[in-house]
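K.L.:
To be precise about what I am sending: the file is called query-v6.txt and holds compact mmCIF, C-alpha atoms.
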# COMPACT_ATOMS: atom_id res chain seq x y z
CA MET A 25 56.82 -66.12 -82.99
CA VAL A 26 59.79 -63.83 -82.28
CA ILE A 27 59.28 -60.35 -80.88
CA GLY A 28 61.47 -57.77 -82.61
CA LYS A 29 63.92 -55.31 -80.99
CA LYS A 30 61.31 -52.54 -81.05
CA GLY A 31 58.55 -54.83 -79.83
CA GLU A 32 57.13 -55.55 -83.25
CA ILE A 33 55.14 -58.75 -83.67
CA TYR A 34 54.54 -60.37 -87.03
CA THR A 35 51.54 -62.60 -87.45
CA THR A 36 50.97 -65.18 -90.16
CA ALA A 37 48.98 -64.35 -93.29
CA GLU A 38 46.47 -66.99 -92.21
CA LEU A 39 45.81 -65.21 -88.90
CA ARG A 40 45.52 -61.79 -90.59
CA GLU A 41 43.15 -63.06 -93.23
CA GLY A 42 41.06 -64.89 -90.66
CA ALA A 43 40.70 -61.69 -88.62
CA GLY A 44 39.98 -59.54 -91.68
CA LEU A 45 43.19 -57.53 -91.29
CA VAL A 46 44.14 -56.16 -94.70
CA PRO A 47 47.08 -53.97 -95.83
CA GLY A 48 46.10 -50.32 -95.46
CA GLY A 49 43.20 -51.26 -93.22
CA ARG A 50 42.70 -50.21 -89.61
CA ALA A 51 42.78 -52.32 -86.46
CA GLU A 52 42.23 -51.82 -82.78
CA ALA A 53 44.01 -53.68 -80.01
CA GLU A 54 43.13 -54.19 -76.36
CA LEU A 55 44.45 -56.16 -73.44
CA VAL A 56 41.98 -58.76 -72.20
CA GLU A 57 43.02 -60.89 -69.24
CA GLY A 58 46.69 -60.74 -70.22
CA LYS A 59 46.02 -61.40 -73.88
CA ILE A 60 46.30 -58.91 -76.72
CA VAL A 61 43.15 -58.97 -78.80
CA ILE A 62 43.50 -57.34 -82.23
CA LYS A 63 40.34 -56.66 -84.19
CA ALA A 64 39.93 -55.26 -87.69
CA LYS A 65 38.27 -51.85 -87.51
CA PRO A 66 35.44 -51.61 -90.02
CA THR A 67 35.82 -48.98 -92.73
CA ALA A 68 33.61 -47.69 -95.53
CA MET A 69 35.34 -50.11 -97.89
CA SER A 70 34.74 -53.09 -95.58
CA LEU A 71 31.01 -52.23 -95.47
CA LEU A 72 30.91 -52.71 -99.24
CA ARG A 73 32.34 -56.22 -98.87
CA GLN A 74 29.70 -57.43 -96.42
CA ARG A 75 26.64 -59.54 -97.20
CA ARG A 76 24.06 -57.82 -99.44
CA ILE A 77 20.30 -57.80 -99.40
CA GLY A 78 19.06 -59.78 -102.38
CA LYS A 79 16.65 -57.24 -103.84
CA LYS A 80 17.98 -54.16 -105.59
CA VAL A 81 16.40 -50.76 -105.13
CA ASN A 82 15.58 -48.99 -108.37
CA VAL A 83 16.06 -45.35 -109.27
CA LYS A 84 12.33 -44.75 -109.80
CA GLU A 85 11.59 -45.80 -106.20
CA LEU A 86 14.28 -43.45 -104.94
CA GLU A 87 12.96 -40.54 -107.01
CA GLU A 88 9.46 -41.16 -105.68
CA LEU A 89 10.69 -41.18 -102.08
CA ARG A 90 12.65 -37.96 -102.70
CA ARG A 91 9.52 -36.26 -104.01
CA GLU A 92 7.48 -37.47 -101.00
CA LEU A 93 10.18 -36.40 -98.55
CA GLY A 94 10.41 -32.97 -100.19
CA GLU A 95 6.65 -32.51 -100.00
CA GLU A 96 6.66 -33.50 -96.33
CA LEU A 97 9.45 -31.02 -95.54
CA GLU A 98 7.58 -28.25 -97.32
CA ARG A 99 4.32 -29.06 -95.49
CA ASN A 100 5.84 -28.88 -91.98
CA MET B 17 33.91 -38.54 -117.44
CA ARG B 18 36.32 -39.74 -120.10
CA GLY B 19 39.94 -38.91 -119.39
CA ILE B 20 39.17 -37.08 -116.16
CA LYS B 21 40.89 -38.31 -113.05
CA LEU B 22 38.67 -37.70 -110.06
CA GLY B 23 40.16 -37.05 -106.66
CA GLU B 24 36.93 -36.24 -104.89
CA ALA B 25 33.28 -36.85 -105.60
CA PHE B 26 30.00 -35.90 -104.00
CA LEU B 27 27.64 -38.87 -104.08
CA ASP B 28 23.87 -38.65 -104.18
CA THR B 29 21.83 -40.82 -101.77
CA THR B 30 21.56 -43.66 -104.31
CA PHE B 31 25.26 -44.30 -103.84
CA MET B 32 25.07 -44.24 -100.05
CA LEU B 33 22.80 -47.31 -99.99
CA PRO B 34 25.53 -49.84 -100.96
CA PHE B 35 27.33 -48.90 -97.72
CA PHE B 36 24.21 -50.13 -95.90
CA HIS B 37 24.27 -53.45 -97.78
CA ILE B 38 21.64 -52.46 -100.33
CA ASP B 39 22.47 -52.65 -104.00
CA VAL B 40 20.93 -50.30 -106.48
CA ASP B 41 19.38 -51.04 -109.83
CA VAL B 42 21.37 -48.47 -111.76
CA GLU B 43 22.47 -48.85 -115.40
CA GLY B 44 25.90 -50.52 -115.51
CA PHE B 45 26.20 -50.67 -111.71
CA ASP B 46 28.41 -53.40 -110.37
CA LEU B 47 29.50 -53.56 -106.75
CA GLY B 48 33.07 -54.55 -107.64
CA LEU B 49 33.40 -51.55 -109.98
CA PHE B 50 31.85 -49.32 -107.36
CA GLU B 51 34.38 -50.56 -104.82
CA SER B 52 37.20 -49.71 -107.27
CA PHE B 53 35.68 -46.29 -107.89
CA ILE B 54 35.47 -45.51 -104.16
CA SER B 55 38.91 -46.93 -103.55
CA GLY B 56 40.37 -44.62 -106.24
CA LEU B 57 38.93 -41.49 -104.67
CA GLU B 58 40.82 -39.50 -102.08
CA ARG B 59 37.61 -38.19 -100.53
CA VAL B 60 33.95 -39.17 -100.77
CA HIS B 61 31.34 -36.56 -99.90
CA PHE B 62 27.74 -37.06 -98.77
CA SER B 63 25.04 -34.67 -97.69
CA GLU B 64 23.53 -34.96 -94.21
CA ILE B 65 20.16 -34.93 -95.94
CA SER B 66 21.16 -38.20 -97.65
CA VAL B 67 21.45 -39.83 -94.22
CA VAL B 68 17.81 -38.91 -93.52
CA GLU B 69 16.75 -39.98 -97.00
CA ALA B 70 18.59 -43.32 -96.78
CA LYS B 71 17.09 -44.07 -93.37
CA ALA B 72 13.60 -43.14 -94.61
CA LYS B 73 14.05 -45.43 -97.62
CA ILE B 74 15.18 -48.32 -95.44
CA MET B 75 12.24 -47.77 -93.06
CA LYS B 76 9.83 -47.99 -96.00
CA LEU B 77 11.53 -51.10 -97.37
CA SER B 78 11.38 -52.75 -93.94
CA GLU B 79 7.60 -52.29 -93.81
CA ARG B 80 7.26 -54.39 -96.97
CA ASN B 81 10.12 -56.84 -96.72
CA ALA B 82 11.45 -58.45 -93.52
CA GLU B 83 14.90 -58.84 -95.11
CA TYR B 84 15.47 -55.11 -94.64
CA ARG B 85 14.78 -55.14 -90.90
CA GLN B 86 18.35 -56.17 -90.18
CA VAL B 87 19.55 -53.24 -92.34
CA GLN B 88 17.27 -50.91 -90.40
CA GLU B 89 18.60 -52.21 -87.08
CA THR B 90 22.28 -51.91 -88.05
CA PHE B 91 21.88 -48.56 -89.83
CA GLY B 92 23.30 -46.53 -86.93
CA GLU B 93 26.25 -48.86 -86.46
CA ASN B 94 27.16 -48.67 -90.15
CA LEU B 95 26.59 -44.93 -90.21
CA GLU B 96 29.14 -44.57 -87.40
CA VAL B 97 31.65 -46.56 -89.48
CA LEU B 98 31.14 -44.07 -92.33
CA ARG B 99 31.38 -41.09 -89.99
CA ASN B 100 34.63 -42.40 -88.48
CA ASP B 101 36.22 -43.11 -91.86
CA GLU B 102 38.67 -40.36 -92.85
CA LYS B 103 37.80 -40.86 -96.50
CA ILE B 104 34.17 -39.89 -95.99
CA ARG B 105 32.96 -36.35 -95.35
CA PHE B 106 29.39 -35.43 -94.47
CA HIS B 107 28.17 -31.97 -95.41
CA ALA B 108 25.80 -29.99 -93.26
CA HIS B 109 23.95 -27.09 -94.81
CA ASP B 110 26.06 -23.97 -94.25
CA GLY B 111 26.18 -20.37 -95.38
CA VAL B 112 28.13 -21.12 -98.54
CA ALA B 113 25.74 -23.88 -99.63
CA ASP B 114 22.79 -21.68 -98.77
CA ARG B 115 24.00 -18.93 -101.12
CA VAL B 116 24.22 -21.51 -103.91
CA LEU B 117 20.75 -22.82 -103.02
CA ASN B 118 19.33 -19.30 -103.18
CA SER B 119 20.92 -18.77 -106.56
CA LEU B 120 19.27 -22.01 -107.79
CA LEU B 121 15.93 -20.68 -106.52
CA VAL B 122 16.37 -17.26 -108.11
CA LYS B 123 17.17 -18.85 -111.45
CA GLY B 124 14.01 -20.95 -111.17
CA PHE B 125 15.46 -24.42 -111.72
CA LYS B 126 12.83 -27.15 -111.32
CA LEU B 127 14.29 -29.25 -108.51
CA ASP B 128 12.86 -31.08 -105.49
CA VAL B 129 13.77 -29.73 -102.05
CA VAL B 130 16.25 -32.57 -101.43
CA ASP B 131 17.82 -31.97 -104.88
CA LEU B 132 18.36 -28.32 -103.99
CA PHE B 133 20.27 -29.20 -100.82
CA ILE B 134 22.40 -31.81 -102.54
CA VAL B 135 23.29 -29.70 -105.59
CA SER B 136 24.10 -26.65 -103.45
CA GLN B 137 26.36 -28.67 -101.14
CA ALA B 138 28.04 -30.49 -104.03
CA ALA B 139 28.91 -27.22 -105.81
CA GLY B 140 31.91 -26.74 -103.54
CA VAL B 141 33.27 -30.20 -104.39
CA GLY B 142 32.89 -29.82 -108.15
CA PHE B 143 31.63 -33.28 -109.09
CA LEU B 144 28.26 -34.87 -108.30
CA LEU B 145 27.45 -38.49 -109.09
CA THR B 146 23.68 -38.84 -109.31
CA GLU B 147 20.96 -40.81 -111.07
CA ASP B 148 18.34 -38.13 -110.38
CA ARG B 149 16.92 -37.10 -113.75
CA LYS B 150 15.90 -33.63 -112.58
CA ILE B 151 19.43 -32.90 -111.42
CA LEU B 152 21.01 -34.36 -114.56
CA ARG B 153 18.74 -32.23 -116.75
CA LEU B 154 20.50 -29.14 -115.37
CA ARG B 155 23.31 -29.98 -117.78
CA ASP B 156 21.05 -29.05 -120.67
CA GLU B 157 20.46 -25.57 -119.32
CA ALA B 158 22.80 -22.84 -120.53
CA ARG B 159 21.99 -20.70 -117.48
CA PHE B 160 23.32 -23.54 -115.29
CA ARG B 161 26.42 -24.22 -117.39
CA ASP B 162 27.25 -20.52 -117.74
CA ASP B 163 26.78 -19.65 -114.07
CA ALA B 164 30.03 -18.64 -112.36
CA VAL B 165 29.48 -21.03 -109.41
CA LEU B 166 27.10 -23.69 -110.72
CA GLY B 167 28.95 -24.03 -114.02
CA GLY B 168 31.92 -25.46 -112.13
CA LEU B 169 29.86 -28.41 -110.91
CA ARG B 170 30.12 -31.44 -113.16
CA LEU B 171 27.13 -33.78 -113.04
CA ALA B 172 27.35 -37.40 -114.09
CA ARG B 173 25.42 -40.64 -113.81
CA TRP B 174 27.15 -43.93 -112.99
CA SER B 175 27.17 -45.16 -116.62
CA GLU B 176 29.17 -42.07 -117.60
CA VAL B 177 31.94 -42.61 -115.11
CA GLN B 178 34.86 -44.31 -116.74
CA LEU B 179 37.03 -46.30 -114.41
CA GLY B 180 40.70 -47.08 -114.67
Could I get this structure in the form of structure tokens?

P.N.:
Amino acid sequence: MVIGKKGEIYTTAELREGAGLVPGGRAEAELVEGKIVIKAKPTAMSLLRQRRIGKKVNVKELEELRRELGEELERN
Amino acid sequence: MRGIKLGEAFLDTTFMLPFFHIDVDVEGFDLGLFESFISGLERVHFSEISVVEAKAKIMKLSERNAEYRQVQETFGENLEVLRNDEKIRFHAHDGVADRVLNSLLVKGFKLDVVDLFIVSQAAGVGFLLTEDRKILRLRDEARFRDDAVLGGLRLARWSEVQLG
């Protein structure tokens, strides 16, 4: 790996993919015992790509909860 | 929303749940399409009341199904990711929204308390994506459509949003 004139470092696609670093994404870097650790910073979009819960929540359930929540807010 | 290019959208609580790893049983909903929809928006808006509603929903689900406990535990962590994302904006109830809410009350629209907060906060954004039937029924009311402020708020359900 060659370090550029302005200090830029290019990693391999394999490393970037493995660390979840995607074009347009965000990352944070820190120095740990003389090593630079670069981690992908989670974003709203990355949350959508994570593992899902198997069961889906239906609209009726959500409407019912909204009604209950509204009633509770009005009572207190 | 045929032929309309959206730059910003206010999303009802239903569409906050996928960010907490919960999929919703909504007509035509597909996570990949939802991802494209979100990706195509410059700004995504949520109400602070949706945070409370989403957490309450997840708490209820956790009581019945152990699978949701992990979601309940990581809720705060994922919420922080949303709050730190420049694309996402959370709306607190302010003076402007309160004037809209009062106008909804004066006109006597039949909405739940949470609906009132969401519609009044979304009015400033101009587009609300919701599956709530009470909110969607506002479209049928001339006094909603003809109102100087409320009339500028477009309401749509997921199946009406055309991507691409």

K.L.:
Taking all atoms listed in the file into account, name the residue in B:Phe50, B:Phe133, B:Phe143, B:Phe160 that is nearest to Ser63 in chain B.

P.N.:
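Ranked by minimum distance to Ser63 in chain B, first place goes to B:Phe133.
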
K.L.:
Pull out every residue of chain A sitting within 8 Å of chain B, counting only C-alpha atoms, and send them as a list in words.

P.N.:
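Taking only C-alpha atoms into account, Pro66, Thr67, Ala68, Met69, Leu71, Leu72, Gln74, Arg75, Arg76, Ile77, Lys79, Lys80, Val81, Asn82, Val83, Leu86, Glu87, Leu89, Arg90, Arg91, Leu93, Gly94, Glu95, Leu97 and Glu98 of chain A sit within 8 Å of chain B.
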
K.L.:
Would you give the centre and edge lengths, in Å to one decimal, of a box along x, y and z around the listed atoms of range 160-169 of chain B, with 4 Å added to each side, as lines of an AutoDock Vina configuration file?

P.N.:
center_x = 27.6
center_y = -23.5
center_z = -113.6
size_x = 16.6
size_y = 17.8
size_z = 16.3

K.L.:
Can you tell me which residues surround Gly142 in chain B at a distance of at most 7 Å, considering all atoms listed in the file, apart from same-chain residues fewer than 3 positions away, and format the answer as a PyMOL selection string?

P.N.:
chain B and resi 138-139+168-170

K.L.:
So which one's closest to Ile151 in chain B, B:Arg173, B:Val67, B:His109, B:Thr90? Using only C-alpha atoms, please.

P.N.:
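Nearest to Ile151 in chain B: B:Arg173.
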
K.L.:
Skip Gly44 in chain A itself and residues of its chain fewer than 5 positions away, then list as a CSV table (one decimal) with C-alpha atoms, in the frame of the given file all residues within 10 Å of it, counting all atoms listed in the file.

P.N.:
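out10.csv, freshly written:
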chain,number,residue,atom,x,y,z
A,38,GLU,CA,46.5,-67.0,-92.2
A,39,LEU,CA,45.8,-65.2,-88.9
A,49,GLY,CA,43.2,-51.3,-93.2
A,50,ARG,CA,42.7,-50.2,-89.6
A,51,ALA,CA,42.8,-52.3,-86.5
A,63,LYS,CA,40.3,-56.7,-84.2
A,64,ALA,CA,39.9,-55.3,-87.7
A,65,LYS,CA,38.3,-51.8,-87.5
A,66,PRO,CA,35.4,-51.6,-90.0
A,70,SER,CA,34.7,-53.1,-95.6

K.L.:
Just to confirm, what's the straight-line distance from CA of His107 in chain B to CA of Gly44 in chain B in Å (one decimal)?

P.N.:
27.4 Å

K.L.:
Using CA of Glu64 in chain B and CA of Ala113 in chain B as the two end points, give the distance in Å to one decimal.

P.N.:
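So the two atoms, CA of Glu64 in chain B and CA of Ala113 in chain B, lie 12.5 Å apart.
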
K.L.:
CA of Leu145 in chain B and CA of Gln178 in chain B are how many Å apart?

P.N.:
12.1 Å

K.L.:
Compile the contact shell of range 31-36 of chain A as a PyMOL selection string: residues with an atom at most 12 Å away, counting only C-alpha atoms, same-chain residues fewer than 5 positions apart removed.

P.N.:
chain A and resi 25-26+41-43+45+60+62

K.L.:
For Leu144 in chain B, which residue among B:Met75, B:Phe26, B:Gly92, B:Glu157 is the nearest when counting only C-alpha atoms?

P.N.:
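That would be B:Phe26, the residue with the smallest distance to Leu144 in chain B.
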
K.L.:
Any chance you could model N, CA and C atoms for range 40-75 of chain A and send them as a short mmCIF file (atom, residue, chain, number, x, y, z; two decimals), in the coordinates of the input?

P.N.:
data_model
loop_
_atom_site.label_atom_id
_atom_site.label_comp_id
_atom_site.auth_asym_id
_atom_site.auth_seq_id
_atom_site.Cartn_x
_atom_site.Cartn_y
_atom_site.Cartn_z
N ARG A 40 45.99 -63.12 -90.15
CA ARG A 40 45.52 -61.79 -90.59
C ARG A 40 44.26 -61.93 -91.44
N GLU A 41 44.32 -62.87 -92.36
CA GLU A 41 43.15 -63.06 -93.23
C GLU A 41 41.92 -63.48 -92.43
N GLY A 42 42.16 -64.39 -91.49
CA GLY A 42 41.06 -64.89 -90.66
C GLY A 42 40.40 -63.79 -89.84
N ALA A 43 41.22 -62.79 -89.45
CA ALA A 43 40.70 -61.69 -88.62
C ALA A 43 40.25 -60.50 -89.48
N GLY A 44 40.41 -60.64 -90.78
CA GLY A 44 39.98 -59.54 -91.68
C GLY A 44 40.93 -58.36 -91.65
N LEU A 45 42.19 -58.61 -91.31
CA LEU A 45 43.19 -57.53 -91.29
C LEU A 45 43.83 -57.44 -92.68
N VAL A 46 43.63 -56.31 -93.33
CA VAL A 46 44.14 -56.16 -94.70
C VAL A 46 45.14 -55.01 -94.77
N PRO A 47 46.11 -55.07 -95.71
CA PRO A 47 47.08 -53.97 -95.83
C PRO A 47 46.35 -52.64 -96.06
N GLY A 48 46.76 -51.64 -95.33
CA GLY A 48 46.10 -50.32 -95.46
C GLY A 48 44.85 -50.18 -94.61
N GLY A 49 44.40 -51.30 -94.05
CA GLY A 49 43.20 -51.26 -93.22
C GLY A 49 43.52 -50.76 -91.81
N ARG A 50 42.51 -50.67 -90.98
CA ARG A 50 42.70 -50.21 -89.61
C ARG A 50 42.39 -51.34 -88.64
N ALA A 51 43.04 -51.29 -87.48
CA ALA A 51 42.78 -52.32 -86.46
C ALA A 51 42.80 -51.67 -85.09
N GLU A 52 42.14 -52.32 -84.16
CA GLU A 52 42.23 -51.82 -82.78
C GLU A 52 42.67 -52.98 -81.89
N ALA A 53 43.48 -52.64 -80.89
CA ALA A 53 44.01 -53.68 -80.01
C ALA A 53 43.67 -53.37 -78.56
N GLU A 54 43.38 -54.40 -77.79
CA GLU A 54 43.13 -54.19 -76.36
C GLU A 54 43.68 -55.38 -75.58
N LEU A 55 43.92 -55.11 -74.30
CA LEU A 55 44.45 -56.16 -73.44
C LEU A 55 43.28 -56.78 -72.67
N VAL A 56 43.07 -58.07 -72.88
CA VAL A 56 41.98 -58.76 -72.20
C VAL A 56 42.55 -59.95 -71.42
N GLU A 57 42.52 -59.83 -70.13
CA GLU A 57 43.02 -60.89 -69.24
C GLU A 57 44.41 -61.37 -69.67
N GLY A 58 45.31 -60.41 -69.87
CA GLY A 58 46.69 -60.74 -70.22
C GLY A 58 46.91 -61.14 -71.67
N LYS A 59 45.86 -61.05 -72.46
CA LYS A 59 46.02 -61.40 -73.88
C LYS A 59 45.77 -60.16 -74.74
N ILE A 60 46.53 -60.03 -75.81
CA ILE A 60 46.30 -58.91 -76.72
C ILE A 60 45.27 -59.35 -77.77
N VAL A 61 44.18 -58.64 -77.82
CA VAL A 61 43.15 -58.97 -78.80
C VAL A 61 43.18 -57.89 -79.89
N ILE A 62 43.45 -58.29 -81.11
CA ILE A 62 43.50 -57.34 -82.23
C ILE A 62 42.29 -57.59 -83.13
N LYS A 63 41.54 -56.53 -83.35
CA LYS A 63 40.34 -56.66 -84.19
C LYS A 63 40.42 -55.69 -85.36
N ALA A 64 39.98 -56.16 -86.53
CA ALA A 64 39.93 -55.26 -87.69
C ALA A 64 38.88 -54.19 -87.42
N LYS A 65 39.23 -52.94 -87.72
CA LYS A 65 38.27 -51.85 -87.51
C LYS A 65 37.50 -51.68 -88.81
N PRO A 66 36.17 -51.73 -88.76
CA PRO A 66 35.44 -51.61 -90.02
C PRO A 66 35.63 -50.24 -90.66
N THR A 67 35.68 -50.22 -91.97
CA THR A 67 35.82 -48.98 -92.73
C THR A 67 34.70 -48.94 -93.78
N ALA A 68 34.60 -47.81 -94.46
CA ALA A 68 33.61 -47.69 -95.53
C ALA A 68 33.81 -48.81 -96.55
N MET A 69 35.05 -49.07 -96.89
CA MET A 69 35.34 -50.11 -97.89
C MET A 69 34.91 -51.49 -97.39
N SER A 70 35.11 -51.76 -96.08
CA SER A 70 34.74 -53.09 -95.58
C SER A 70 33.22 -53.25 -95.57
N LEU A 71 32.48 -52.14 -95.42
CA LEU A 71 31.01 -52.23 -95.47
C LEU A 71 30.56 -52.72 -96.84
N LEU A 72 31.28 -52.31 -97.87
CA LEU A 72 30.91 -52.71 -99.24
C LEU A 72 31.15 -54.20 -99.48
N ARG A 73 32.01 -54.79 -98.66
CA ARG A 73 32.34 -56.22 -98.87
C ARG A 73 31.45 -57.14 -98.05
N GLN A 74 30.56 -56.58 -97.25
CA GLN A 74 29.70 -57.43 -96.42
C GLN A 74 28.48 -57.95 -97.18
N ARG A 75 27.79 -58.88 -96.57
CA ARG A 75 26.64 -59.54 -97.20
C ARG A 75 25.60 -58.52 -97.66
#
